[in-house]
file coords-v3.cif (mmCIF, C-alpha atoms)
data_query
#
loop_
_atom_site.label_atom_id
_atom_site.label_comp_id
_atom_site.auth_asym_id
_atom_site.auth_seq_id
_atom_site.Cartn_x
_atom_site.Cartn_y
_atom_site.Cartn_z
CA MET A 1375 89.81 89.27 94.04
CA VAL A 1376 92.66 88.21 96.33
CA GLY A 1377 94.84 91.04 95.01
CA PHE A 1378 92.14 93.62 95.74
CA ILE A 1379 91.69 92.29 99.27
CA PHE A 1380 95.38 92.59 100.10
CA ALA A 1381 95.64 95.99 98.41
CA SER A 1382 92.77 97.31 100.53
CA LEU A 1383 94.26 95.75 103.68
CA THR A 1384 97.50 97.57 102.89
CA SER A 1385 95.71 100.91 102.65
CA TRP A 1386 93.88 100.15 105.91
CA SER A 1387 97.08 99.22 107.74
CA PHE A 1388 98.75 102.55 106.88
CA ARG A 1389 96.09 104.45 108.81
CA ASN A 1390 96.64 105.07 112.50
CA VAL A 1391 94.21 102.47 113.75
CA VAL A 1392 94.06 101.61 117.44
CA VAL A 1393 94.03 97.85 117.84
CA SER A 1394 92.45 96.36 120.93
CA ASP A 1395 94.34 93.84 123.04
CA TRP A 1396 92.51 90.81 121.68
CA ALA A 1397 93.19 91.81 118.06
CA ALA A 1398 96.91 92.58 118.42
CA PRO A 1399 98.09 89.07 117.37
CA PHE A 1400 95.92 89.30 114.25
CA ARG A 1401 97.46 92.67 113.39
CA SER A 1402 100.93 91.12 113.63
CA LEU A 1403 99.84 88.30 111.33
CA LEU A 1404 98.40 90.84 108.90
CA ASP A 1405 101.72 92.69 108.88
CA VAL A 1406 103.46 89.48 107.82
CA PHE A 1407 101.11 89.06 104.85
CA LEU A 1408 101.59 92.70 103.81
CA MET A 1409 105.39 92.46 103.80
CA PRO A 1410 105.82 91.96 100.00
CA GLY A 1411 104.16 95.29 99.27
CA LEU A 1412 106.12 97.07 101.97
CA LEU A 1413 109.38 95.80 100.49
CA VAL A 1414 108.35 97.09 97.06
CA SER A 1415 107.45 100.47 98.53
CA VAL A 1416 110.74 100.77 100.41
CA ALA A 1417 112.68 99.80 97.27
CA LEU A 1418 110.89 102.46 95.21
CA ALA A 1419 111.29 105.14 97.89
CA GLY A 1420 114.96 104.35 98.42
CA ASN A 1421 114.58 104.96 102.14
CA VAL A 1422 112.95 102.78 104.78
CA HIS A 1423 111.61 105.82 106.61
CA THR A 1424 109.73 107.42 103.71
CA TYR A 1425 107.72 104.64 102.07
CA GLN A 1426 104.11 105.28 101.03
CA ALA A 1427 100.89 103.29 100.95
CA GLY A 1428 100.21 103.53 97.20
CA PRO A 1429 103.20 101.55 95.94
CA ALA A 1430 102.79 99.09 98.82
CA ALA A 1431 99.16 98.46 97.86
CA MET A 1432 100.11 97.95 94.21
CA GLY A 1433 102.96 95.63 95.19
CA ASN A 1434 100.62 93.51 97.30
CA PHE A 1435 97.99 93.50 94.56
CA ILE A 1436 100.46 92.26 91.96
CA PHE A 1437 102.10 89.73 94.29
CA TYR A 1438 98.88 88.11 95.50
CA PHE A 1439 97.25 88.29 92.06
CA VAL A 1440 100.15 86.27 90.65
CA VAL A 1441 100.07 83.84 93.60
CA ALA A 1442 96.33 83.26 93.14
CA TRP A 1443 96.75 82.90 89.38
CA ILE A 1444 99.48 80.26 89.81
CA LEU A 1445 97.48 78.35 92.42
CA ARG A 1446 94.40 78.45 90.21
CA ALA A 1447 96.35 77.20 87.20
CA LYS A 1448 97.67 74.20 89.14
CA SER A 1449 94.24 73.02 90.23
#
call {"tool": "encode", "arguments": {"input": "coords-v3.cif", "output": "C-alpha cells"}}
result
Amino acid sequence: MVGFIFASLTSWSFRNVVVSDWAAPFRSLLDVFLMPGLLVSVALAGNVHTYQAGPAAMGNFIFYFVVAWILRAKS
C-alpha cells in the first residue's frame, strides 16, 4: 500500500500543478520523499534534463515497498 501511495504521488508531482502559498512547504517535503524515484529515473535516462515519470514512479514503488516490508518484518 505504501509503495502505491508514493508511486501515485510521483505521477501527481510530474504534472504542472499550481501550489498555493500555504501548501508550498508541504510540496517541498513531498519532493524530498520522492527523491529515490527521481534518482532512479535520472540514472535510467542518462541525463538529468530528460527523466520521465514512469521510471520514477516504479523506483518509488519499489523503494517504499521494501522499506515497509523491512519495517513490518522487524515488528
call {"tool": "resolve_selection", "arguments": {"input": "coords-v3.cif", "expression": "the PyMOL selection byres ((chain A and resi 1415) around 9)", "output": "compact mmCIF listing (two decimals) with C-alpha atoms, in the frame of the given file"}}
result
# COMPACT_ATOMS: atom_id res chain seq x y z
CA PRO A 1410 105.82 91.96 100.00
CA GLY A 1411 104.16 95.29 99.27
CA LEU A 1412 106.12 97.07 101.97
CA LEU A 1413 109.38 95.80 100.49
CA VAL A 1414 108.35 97.09 97.06
CA VAL A 1416 110.74 100.77 100.41
CA ALA A 1417 112.68 99.80 97.27
CA LEU A 1418 110.89 102.46 95.21
CA ALA A 1419 111.29 105.14 97.89
CA GLY A 1420 114.96 104.35 98.42
CA VAL A 1422 112.95 102.78 104.78
CA THR A 1424 109.73 107.42 103.71
CA TYR A 1425 107.72 104.64 102.07
CA GLN A 1426 104.11 105.28 101.03
CA ALA A 1427 100.89 103.29 100.95
CA GLY A 1428 100.21 103.53 97.20
CA PRO A 1429 103.20 101.55 95.94
CA ALA A 1430 102.79 99.09 98.82
CA ALA A 1431 99.16 98.46 97.86
CA MET A 1432 100.11 97.95 94.21
CA GLY A 1433 102.96 95.63 95.19
call {"tool": "closest_residue", "arguments": {"input": "coords-v3.cif", "among": "A:Asn1421, A:Phe1435, A:Pro1399, A:Val1441", "to": "A:Gly1377", "atoms": "only C-alpha atoms"}}
result
A:Phe1435
call {"tool": "atom_distance", "arguments": {"input": "coords-v3.cif", "atom1": "atom CA of A:Leu1403", "atom2": "atom CA of A:Ser1382"}}
result
15.7 Å
call {"tool": "atom_distance", "arguments": {"input": "coords-v3.cif", "atom1": "atom CA of A:Leu1383", "atom2": "atom CA of A:Ala1398"}}
result
15.3 Å
call {"tool": "closest_residue", "arguments": {"input": "coords-v3.cif", "among": "A:Ala1381, A:His1423, A:Asp1395, A:Ala1442", "to": "A:Leu1408", "atoms": "only C-alpha atoms"}}
result
A:Ala1381
call {"tool": "axis_aligned_box", "arguments": {"input": "coords-v3.cif", "around": "stretch 1437-1445 of chain A", "padding_each_side": "6 Å", "output": "AutoDock Vina command-line options"}}
result
--center_x 99.2 --center_y 84.0 --center_z 92.4 --size_x 17.8 --size_y 23.4 --size_z 18.1
